[in-house]
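> You'll find coords-v8.pdb just under this line, and it carries PDB, C-alpha atoms and all ligand atoms.
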```
MODEL        1
ATOM      1  CA  MET A   1      -2.023   3.132 -13.055  1.00  0.00           C
ATOM      2  CA  ILE A   2      -2.732   3.850  -9.410  1.00  0.00           C
ATOM      3  CA  GLU A   3      -6.168   4.932  -8.260  1.00  0.00           C
ATOM      4  CA  ILE A   4      -6.270   7.067  -5.105  1.00  0.00           C
ATOM      5  CA  THR A   5      -9.512   7.612  -3.193  1.00  0.00           C
ATOM      6  CA  LEU A   6      -9.665   9.939  -0.184  1.00  0.00           C
ATOM      7  CA  LEU A   7     -12.126   7.990   1.963  1.00  0.00           C
ATOM      8  CA  GLY A   8     -11.799  10.303   4.940  1.00  0.00           C
ATOM      9  CA  THR A   9     -10.220  13.709   5.457  1.00  0.00           C
ATOM     10  CA  GLY A  10     -11.551  14.576   8.906  1.00  0.00           C
ATOM     11  CA  SER A  11      -9.835  15.274  12.185  1.00  0.00           C
ATOM     12  CA  PRO A  12     -10.358  13.888  15.713  1.00  0.00           C
ATOM     13  CA  ILE A  13     -13.351  16.241  16.029  1.00  0.00           C
ATOM     14  CA  PRO A  14     -16.447  14.542  14.555  1.00  0.00           C
ATOM     15  CA  ASP A  15     -17.663  16.209  11.377  1.00  0.00           C
ATOM     16  CA  PRO A  16     -20.962  15.309   9.693  1.00  0.00           C
ATOM     17  CA  ASN A  17     -19.358  15.561   6.282  1.00  0.00           C
ATOM     18  CA  ARG A  18     -15.947  13.998   6.775  1.00  0.00           C
ATOM     19  CA  ALA A  19     -14.925  10.507   7.815  1.00  0.00           C
ATOM     20  CA  GLY A  20     -11.697  10.034   9.748  1.00  0.00           C
ATOM     21  CA  PRO A  21      -8.351   9.903   7.963  1.00  0.00           C
ATOM     22  CA  SER A  22      -8.129   7.035   5.503  1.00  0.00           C
ATOM     23  CA  THR A  23      -7.054   6.682   1.900  1.00  0.00           C
ATOM     24  CA  LEU A  24      -7.690   3.838  -0.519  1.00  0.00           C
ATOM     25  CA  VAL A  25      -4.931   3.011  -2.994  1.00  0.00           C
ATOM     26  CA  ARG A  26      -5.725   0.587  -5.799  1.00  0.00           C
ATOM     27  CA  ALA A  27      -2.764  -0.558  -7.864  1.00  0.00           C
ATOM     28  CA  GLY A  28      -2.101  -3.585 -10.049  1.00  0.00           C
ATOM     29  CA  GLY A  29      -5.236  -5.359  -8.855  1.00  0.00           C
ATOM     30  CA  GLN A  30      -4.254  -4.869  -5.214  1.00  0.00           C
ATOM     31  CA  VAL A  31      -6.187  -2.778  -2.709  1.00  0.00           C
ATOM     32  CA  PHE A  32      -4.408  -0.966   0.109  1.00  0.00           C
ATOM     33  CA  LEU A  33      -6.077   0.947   2.894  1.00  0.00           C
ATOM     34  CA  VAL A  34      -3.875   3.625   4.409  1.00  0.00           C
ATOM     35  CA  ASP A  35      -5.056   4.390   7.949  1.00  0.00           C
ATOM     36  CA  CYS A  36      -8.545   3.527   9.141  1.00  0.00           C
ATOM     37  CA  GLY A  37     -10.219   6.497  10.745  1.00  0.00           C
ATOM     38  CA  ARG A  38     -13.809   6.875  11.851  1.00  0.00           C
ATOM     39  CA  GLY A  39     -16.360   5.724   9.271  1.00  0.00           C
ATOM     40  CA  VAL A  40     -13.860   4.145   6.902  1.00  0.00           C
ATOM     41  CA  LEU A  41     -15.885   1.061   6.066  1.00  0.00           C
ATOM     42  CA  GLN A  42     -18.967   3.075   5.093  1.00  0.00           C
ATOM     43  CA  ARG A  43     -16.852   5.246   2.805  1.00  0.00           C
ATOM     44  CA  ALA A  44     -15.110   2.198   1.339  1.00  0.00           C
ATOM     45  CA  ALA A  45     -18.500   0.564   0.711  1.00  0.00           C
ATOM     46  CA  ALA A  46     -19.522   3.684  -1.199  1.00  0.00           C
ATOM     47  CA  VAL A  47     -16.781   2.938  -3.742  1.00  0.00           C
ATOM     48  CA  GLY A  48     -17.511  -0.781  -3.839  1.00  0.00           C
ATOM     49  CA  VAL A  49     -14.751  -1.988  -1.539  1.00  0.00           C
ATOM     50  CA  GLY A  50     -15.436  -4.234   1.434  1.00  0.00           C
ATOM     51  CA  ALA A  51     -13.182  -5.156   4.319  1.00  0.00           C
ATOM     52  CA  GLY A  52     -12.746  -8.608   2.812  1.00  0.00           C
ATOM     53  CA  GLY A  53     -11.421  -7.092  -0.407  1.00  0.00           C
ATOM     54  CA  LEU A  54      -8.397  -5.411   1.151  1.00  0.00           C
ATOM     55  CA  THR A  55      -4.951  -6.680   0.209  1.00  0.00           C
ATOM     56  CA  ALA A  56      -3.241  -4.986   3.168  1.00  0.00           C
ATOM     57  CA  LEU A  57      -3.699  -2.282   5.779  1.00  0.00           C
ATOM     58  CA  LEU A  58      -0.981   0.357   6.060  1.00  0.00           C
ATOM     59  CA  LEU A  59      -0.810   2.547   9.169  1.00  0.00           C
ATOM     60  CA  THR A  60       1.155   5.799   9.204  1.00  0.00           C
ATOM     61  CA  HIS A  61       0.936   6.141  12.995  1.00  0.00           C
ATOM     62  CA  LEU A  62      -1.148   5.194  15.991  1.00  0.00           C
ATOM     63  CA  HIS A  63      -3.022   8.430  16.754  1.00  0.00           C
ATOM     64  CA  SER A  64      -6.631   7.550  17.558  1.00  0.00           C
ATOM     65  CA  ASP A  65      -8.124   9.377  14.580  1.00  0.00           C
ATOM     66  CA  HIS A  66      -6.030   7.204  12.235  1.00  0.00           C
ATOM     67  CA  ILE A  67      -6.961   3.873  13.826  1.00  0.00           C
ATOM     68  CA  GLY A  68     -10.433   4.670  15.167  1.00  0.00           C
ATOM     69  CA  ASP A  69     -12.176   1.953  13.158  1.00  0.00           C
ATOM     70  CA  LEU A  70      -9.417  -0.654  13.303  1.00  0.00           C
ATOM     71  CA  GLY A  71     -11.587  -2.918  15.451  1.00  0.00           C
ATOM     72  CA  ASP A  72     -14.540  -2.612  13.069  1.00  0.00           C
ATOM     73  CA  LEU A  73     -12.256  -3.373  10.140  1.00  0.00           C
ATOM     74  CA  LEU A  74     -10.772  -6.488  11.749  1.00  0.00           C
ATOM     75  CA  ILE A  75     -14.121  -7.902  12.857  1.00  0.00           C
ATOM     76  CA  THR A  76     -16.000  -7.021   9.673  1.00  0.00           C
ATOM     77  CA  ARG A  77     -13.303  -8.534   7.471  1.00  0.00           C
ATOM     78  CA  TRP A  78     -13.412 -11.675   9.592  1.00  0.00           C
ATOM     79  CA  ILE A  79     -17.170 -12.182   9.386  1.00  0.00           C
ATOM     80  CA  THR A  80     -17.457 -11.287   5.704  1.00  0.00           C
ATOM     81  CA  THR A  81     -14.701 -13.589   4.496  1.00  0.00           C
ATOM     82  CA  PHE A  82     -16.081 -16.990   3.583  1.00  0.00           C
ATOM     83  CA  ALA A  83     -12.965 -18.820   2.425  1.00  0.00           C
ATOM     84  CA  PRO A  84     -12.375 -21.909   4.561  1.00  0.00           C
ATOM     85  CA  ASP A  85      -8.772 -20.932   5.232  1.00  0.00           C
ATOM     86  CA  PRO A  86      -8.710 -17.095   5.025  1.00  0.00           C
ATOM     87  CA  THR A  87      -5.496 -15.307   4.200  1.00  0.00           C
ATOM     88  CA  PRO A  88      -4.258 -13.285   7.188  1.00  0.00           C
ATOM     89  CA  LEU A  89      -4.615  -9.533   6.676  1.00  0.00           C
ATOM     90  CA  PRO A  90      -1.148  -7.995   6.366  1.00  0.00           C
ATOM     91  CA  ILE A  91      -0.938  -4.920   8.591  1.00  0.00           C
ATOM     92  CA  ILE A  92       2.140  -2.747   8.120  1.00  0.00           C
ATOM     93  CA  GLY A  93       2.827   0.058  10.561  1.00  0.00           C
ATOM     94  CA  PRO A  94       5.390   1.640  12.862  1.00  0.00           C
ATOM     95  CA  PRO A  95       6.626  -0.023  16.078  1.00  0.00           C
ATOM     96  CA  GLY A  96       3.682  -0.326  18.439  1.00  0.00           C
ATOM     97  CA  THR A  97       1.356  -1.620  15.731  1.00  0.00           C
ATOM     98  CA  ALA A  98       1.491  -5.253  16.876  1.00  0.00           C
ATOM     99  CA  GLU A  99       0.643  -4.275  20.445  1.00  0.00           C
ATOM    100  CA  THR A 100      -2.231  -2.089  19.228  1.00  0.00           C
ATOM    101  CA  VAL A 101      -3.695  -4.819  17.003  1.00  0.00           C
ATOM    102  CA  GLU A 102      -3.362  -7.392  19.754  1.00  0.00           C
ATOM    103  CA  ALA A 103      -5.112  -5.092  22.228  1.00  0.00           C
ATOM    104  CA  MET A 104      -7.876  -4.383  19.722  1.00  0.00           C
ATOM    105  CA  LEU A 105      -8.526  -8.080  19.207  1.00  0.00           C
ATOM    106  CA  LYS A 106      -8.548  -8.527  22.961  1.00  0.00           C
ATOM    107  CA  ALA A 107     -11.109  -5.736  23.315  1.00  0.00           C
ATOM    108  CA  PHE A 108     -13.355  -7.656  20.932  1.00  0.00           C
ATOM    109  CA  GLY A 109     -12.584 -10.955  22.635  1.00  0.00           C
ATOM    110  CA  HIS A 110     -16.128 -11.486  23.890  1.00  0.00           C
ATOM    111  CA  ASP A 111     -17.579 -10.780  20.435  1.00  0.00           C
ATOM    112  CA  ILE A 112     -15.086 -13.131  18.799  1.00  0.00           C
ATOM    113  CA  GLY A 113     -16.048 -15.822  21.293  1.00  0.00           C
ATOM    114  CA  TYR A 114     -19.778 -15.356  20.649  1.00  0.00           C
ATOM    115  CA  ARG A 115     -19.333 -15.667  16.908  1.00  0.00           C
ATOM    116  CA  ILE A 116     -17.077 -18.721  17.051  1.00  0.00           C
ATOM    117  CA  ALA A 117     -19.623 -20.400  19.316  1.00  0.00           C
ATOM    118  CA  HIS A 118     -22.496 -19.408  17.003  1.00  0.00           C
ATOM    119  CA  HIS A 119     -21.143 -20.110  13.517  1.00  0.00           C
ATOM    120  CA  ALA A 120     -19.820 -23.564  12.677  1.00  0.00           C
ATOM    121  CA  ASP A 121     -17.580 -22.239   9.894  1.00  0.00           C
ATOM    122  CA  LEU A 122     -15.864 -19.659  12.128  1.00  0.00           C
ATOM    123  CA  THR A 123     -13.325 -21.686  14.017  1.00  0.00           C
ATOM    124  CA  ALA A 124     -10.522 -19.223  14.725  1.00  0.00           C
ATOM    125  CA  PRO A 125     -10.169 -15.516  15.614  1.00  0.00           C
ATOM    126  CA  PRO A 126      -9.455 -12.915  12.899  1.00  0.00           C
ATOM    127  CA  ALA A 127      -6.216 -13.756  11.123  1.00  0.00           C
ATOM    128  CA  VAL A 128      -3.693 -10.939  10.938  1.00  0.00           C
ATOM    129  CA  GLU A 129      -0.029 -10.694  10.056  1.00  0.00           C
ATOM    130  CA  VAL A 130       1.565  -7.587  11.562  1.00  0.00           C
ATOM    131  CA  HIS A 131       4.839  -6.107  10.333  1.00  0.00           C
ATOM    132  CA  GLU A 132       6.523  -3.136  11.993  1.00  0.00           C
ATOM    133  CA  TYR A 133       8.889  -0.911  10.025  1.00  0.00           C
ATOM    134  CA  THR A 134      10.416   2.527  10.110  1.00  0.00           C
ATOM    135  CA  GLU A 135      12.183   2.356   6.724  1.00  0.00           C
ATOM    136  CA  GLY A 136      12.914   0.207   3.727  1.00  0.00           C
ATOM    137  CA  THR A 137      10.981  -1.847   1.203  1.00  0.00           C
ATOM    138  CA  VAL A 138       8.040  -3.509   2.912  1.00  0.00           C
ATOM    139  CA  TRP A 139       6.073  -4.927  -0.015  1.00  0.00           C
ATOM    140  CA  ASP A 140       6.988  -6.342  -3.426  1.00  0.00           C
ATOM    141  CA  ARG A 141       4.243  -8.452  -4.941  1.00  0.00           C
ATOM    142  CA  ASP A 142       2.872  -8.851  -8.453  1.00  0.00           C
ATOM    143  CA  GLY A 143       4.298  -5.599  -9.783  1.00  0.00           C
ATOM    144  CA  VAL A 144       3.474  -3.427  -6.772  1.00  0.00           C
ATOM    145  CA  SER A 145       6.175  -2.277  -4.382  1.00  0.00           C
ATOM    146  CA  ILE A 146       5.889  -0.231  -1.209  1.00  0.00           C
ATOM    147  CA  ARG A 147       8.659   1.628   0.549  1.00  0.00           C
ATOM    148  CA  VAL A 148       8.566   3.200   4.010  1.00  0.00           C
ATOM    149  CA  ALA A 149      10.452   6.146   5.490  1.00  0.00           C
ATOM    150  CA  PRO A 150      10.275   7.990   8.814  1.00  0.00           C
ATOM    151  CA  THR A 151       8.167  11.149   8.993  1.00  0.00           C
ATOM    152  CA  ASP A 152       8.204  13.952  11.572  1.00  0.00           C
ATOM    153  CA  HIS A 153       5.039  14.170  13.644  1.00  0.00           C
ATOM    154  CA  ARG A 154       6.785  14.919  16.931  1.00  0.00           C
ATOM    155  CA  PRO A 155       6.044  14.547  19.754  1.00  0.00           C
ATOM    156  CA  VAL A 156       4.316  11.520  18.225  1.00  0.00           C
ATOM    157  CA  ALA A 157       6.930   8.917  17.280  1.00  0.00           C
ATOM    158  CA  PRO A 158       7.671   6.741  15.468  1.00  0.00           C
ATOM    159  CA  THR A 159       5.620   7.696  12.422  1.00  0.00           C
ATOM    160  CA  ILE A 160       6.050   6.589   8.827  1.00  0.00           C
ATOM    161  CA  GLY A 161       5.070   7.436   5.269  1.00  0.00           C
ATOM    162  CA  PHE A 162       4.514   5.008   2.395  1.00  0.00           C
ATOM    163  CA  ARG A 163       5.489   5.165  -1.261  1.00  0.00           C
ATOM    164  CA  VAL A 164       3.434   2.843  -3.448  1.00  0.00           C
ATOM    165  CA  GLU A 165       4.749   2.130  -6.944  1.00  0.00           C
ATOM    166  CA  SER A 166       3.124   0.245  -9.795  1.00  0.00           C
ATOM    167  CA  GLY A 167       4.757   0.419 -13.214  1.00  0.00           C
ATOM    168  CA  ALA A 168       5.500   4.082 -13.927  1.00  0.00           C
ATOM    169  CA  ALA A 169       2.935   5.327 -11.402  1.00  0.00           C
ATOM    170  CA  SER A 170       3.644   6.240  -7.803  1.00  0.00           C
ATOM    171  CA  VAL A 171       1.976   7.856  -4.815  1.00  0.00           C
ATOM    172  CA  VAL A 172       3.307   8.856  -1.410  1.00  0.00           C
ATOM    173  CA  LEU A 173       1.062   8.738   1.641  1.00  0.00           C
ATOM    174  CA  ALA A 174       2.633  10.980   4.251  1.00  0.00           C
ATOM    175  CA  GLY A 175       0.023  10.981   7.008  1.00  0.00           C
ATOM    176  CA  ASP A 176       0.523  13.652   9.668  1.00  0.00           C
ATOM    177  CA  THR A 177       3.977  15.159   9.263  1.00  0.00           C
ATOM    178  CA  VAL A 178       5.850  18.353   8.731  1.00  0.00           C
ATOM    179  CA  PRO A 179       8.283  18.575   5.837  1.00  0.00           C
ATOM    180  CA  CYS A 180      11.458  16.647   6.608  1.00  0.00           C
ATOM    181  CA  ALA A 181      14.437  15.240   4.717  1.00  0.00           C
ATOM    182  CA  SER A 182      13.307  11.606   4.848  1.00  0.00           C
ATOM    183  CA  LEU A 183       9.881  12.532   3.443  1.00  0.00           C
ATOM    184  CA  ASP A 184      11.508  14.669   0.752  1.00  0.00           C
ATOM    185  CA  GLU A 185      13.575  11.656  -0.260  1.00  0.00           C
ATOM    186  CA  LEU A 186      10.580   9.310  -0.187  1.00  0.00           C
ATOM    187  CA  ALA A 187       8.467  11.697  -2.254  1.00  0.00           C
ATOM    188  CA  ALA A 188      11.136  12.672  -4.795  1.00  0.00           C
ATOM    189  CA  GLY A 189       9.649  12.394  -8.279  1.00  0.00           C
ATOM    190  CA  ALA A 190       6.420  10.793  -7.041  1.00  0.00           C
ATOM    191  CA  GLY A 191       3.305  11.155  -9.145  1.00  0.00           C
ATOM    192  CA  ALA A 192       1.189  12.255  -6.190  1.00  0.00           C
ATOM    193  CA  LEU A 193       1.509  13.128  -2.508  1.00  0.00           C
ATOM    194  CA  VAL A 194      -1.335  12.667  -0.026  1.00  0.00           C
ATOM    195  CA  HIS A 195      -0.623  14.761   3.035  1.00  0.00           C
ATOM    196  CA  THR A 196      -2.452  16.058   6.102  1.00  0.00           C
ATOM    197  CA  VAL A 197      -2.999  19.798   6.324  1.00  0.00           C
ATOM    198  CA  ILE A 198      -3.626  21.818   9.480  1.00  0.00           C
ATOM    199  CA  ARG A 199      -5.608  25.025   9.040  1.00  0.00           C
ATOM    200  CA  LYS A 200      -3.870  27.045  11.726  1.00  0.00           C
ATOM    201  CA  ASP A 201      -6.166  30.000  11.067  1.00  0.00           C
ATOM    202  CA  LEU A 202      -9.126  27.806  12.098  1.00  0.00           C
ATOM    203  CA  VAL A 203      -7.440  25.899  14.926  1.00  0.00           C
ATOM    204  CA  THR A 204      -6.361  29.071  16.687  1.00  0.00           C
ATOM    205  CA  GLN A 205      -9.985  30.214  16.894  1.00  0.00           C
ATOM    206  CA  ILE A 206     -10.800  27.409  19.365  1.00  0.00           C
ATOM    207  CA  PRO A 207     -10.320  28.770  22.909  1.00  0.00           C
ATOM    208  CA  GLN A 208      -8.997  25.551  24.410  1.00  0.00           C
ATOM    209  CA  GLN A 209      -5.291  24.929  24.963  1.00  0.00           C
ATOM    210  CA  ARG A 210      -5.679  21.246  24.078  1.00  0.00           C
ATOM    211  CA  PHE A 211      -6.722  22.227  20.567  1.00  0.00           C
ATOM    212  CA  LEU A 212      -4.132  24.975  20.352  1.00  0.00           C
ATOM    213  CA  ASP A 213      -1.529  22.280  21.113  1.00  0.00           C
ATOM    214  CA  ILE A 214      -2.224  20.926  17.609  1.00  0.00           C
ATOM    215  CA  CYS A 215      -0.182  23.822  16.279  1.00  0.00           C
ATOM    216  CA  ASP A 216       2.890  22.354  18.009  1.00  0.00           C
ATOM    217  CA  TYR A 217       3.187  19.943  15.101  1.00  0.00           C
ATOM    218  CA  ALA A 218       3.788  22.858  12.745  1.00  0.00           C
ATOM    219  CA  ARG A 219       5.796  24.966  15.166  1.00  0.00           C
ATOM    220  CA  LEU A 220       8.400  22.252  15.587  1.00  0.00           C
ATOM    221  CA  SER A 221       9.614  22.855  12.083  1.00  0.00           C
ATOM    222  CA  GLY A 222       9.215  26.608  12.222  1.00  0.00           C
ATOM    223  CA  ILE A 223       6.421  26.826   9.674  1.00  0.00           C
ATOM    224  CA  GLN A 224       2.991  28.370   9.923  1.00  0.00           C
ATOM    225  CA  ILE A 225       0.930  25.825   8.069  1.00  0.00           C
ATOM    226  CA  ALA A 226       1.753  22.161   7.673  1.00  0.00           C
ATOM    227  CA  ILE A 227       0.926  21.018   4.156  1.00  0.00           C
TER     228      ILE A 227
HETATM  229 ZN    ZN B   1      -1.464  12.278  14.090  1.00  0.00          ZN
ENDMDL
END
```
Kindly return the structure encoded in the file as structure tokens.
Ligand SMILES: [Zn+2]

Amino acid sequence: MIEITLLGTGSPIPDPNRAGPSTLVRAGGQVFLVDCGRGVLQRAAAVGVGAGGLTALLLTHLHSDHIGDLGDLLITRWITTFAPDPTPLPIIGPPGTAETVEAMLKAFGHDIGYRIAHHADLTAPPAVEVHEYTEGTVWDRDGVSIRVAPTDHRPVAPTIGFRVESGAASVVLAGDTVPCASLDELAAGAGALVHTVIRKDLVTQIPQQRFLDICDYARLSGIQIAI
């Protein structure tokens, strides 16, 4: 069985009722966080999951709304993990992920220094293990496998989707994408598909070109609404 929890379904525009994009996938005793938008740790806490309880972080792409709380996640996991030799957090994302994670840790460099100086049992910065992929099998542990394929979120590139499988159950996390052949192949026969939707009828009511540009993502594939 795979348990899917939509932790956040918001957009870059703050919404009092929606956290930023992030989905929790629990399978075979493993806990995967797919994207880490604004407010993700509060929403994860609401379902009893802490940053220290994550098996791996999966990133579909590096748009700010999908990685908005990456820094909070890295620091909070670090300071709430009490094992003497903590396991590095696997982070799997598209090319650019390693640079982003490194920059995030650098941004929190002063904080990391304060805490290492303050707490005798914190002797090293947050431990991470970043893997960049655009396709192929990226995870195969204890009965859970994860496969990656390119998605189409142009002009944002590269972007990827994930297929998580555990026993007979499967779920595909597509992130922001329009329909495309590689996603069709990744999602073929899957038990569930988690996918961003743009409400063009709402977006086009905002009289600012920067917001209207959002519709480019759908227009590229000649469809009216990306589902
Ligand atoms: Zn995006």
> At most 8 Å is the cut-off: for each residue in chain A with any atom that close to an atom of ligand ZN 1 (chain B), write down the nearest atom pair and the distance in Å rounded to one decimal, counting all atoms listed in the file, chain first then increasing number, as CSV.

```
residue,atom,partner,partner_atom,distance
A:His61,CA,B:ZN1,ZN,6.7
A:Leu62,CA,B:ZN1,ZN,7.3
A:His63,CA,B:ZN1,ZN,4.9
A:Ser64,CA,B:ZN1,ZN,7.8
A:Asp65,CA,B:ZN1,ZN,7.3
A:His66,CA,B:ZN1,ZN,7.1
A:His153,CA,B:ZN1,ZN,6.8
A:Val156,CA,B:ZN1,ZN,7.1
A:Gly175,CA,B:ZN1,ZN,7.4
A:Asp176,CA,B:ZN1,ZN,5.0
A:Thr177,CA,B:ZN1,ZN,7.8
```
> Check which residues of segment 40-91 of chain A sit at most 9 Å from segment 17-20 of chain A using only C-alpha atoms, and return one row each with the closest pair of atoms and their distance in Å to one decimal, ordered by chain and rising number, as a Markdown table.

```
| residue | atom | partner | partner_atom | distance |
| --- | --- | --- | --- | --- |
| A:Val40 | CA | A:Ala19 | CA | 6.5 |
| A:Gln42 | CA | A:Ala19 | CA | 8.9 |
| A:Arg43 | CA | A:Ala19 | CA | 7.5 |
| A:Asp65 | CA | A:Gly20 | CA | 6.0 |
| A:His66 | CA | A:Gly20 | CA | 6.8 |
| A:Ile67 | CA | A:Gly20 | CA | 8.8 |
| A:Gly68 | CA | A:Gly20 | CA | 7.7 |
| A:Asp69 | CA | A:Gly20 | CA | 8.8 |
```
> List the spatial neighbours of segment 190-192 of chain A as a PyMOL selection string - criterion: any atom at most 10 Å away, only C-alpha atoms, same-chain residues fewer than 6 positions off excluded.
chain A and resi 2+4+163-165+168-173
> Find the residue from A:Thr81, A:Ile112, A:Cys180, A:Phe162 that sits nearest to Leu193 of chain A; use only C-alpha atoms when measuring.
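Nearest to Leu193 of chain A: A:Phe162.
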> Could you work out how far atom CA of Asp72 of chain A lies from atom CA of Arg147 of chain A, giving the answer in Å with one decimal?
26.7 Å
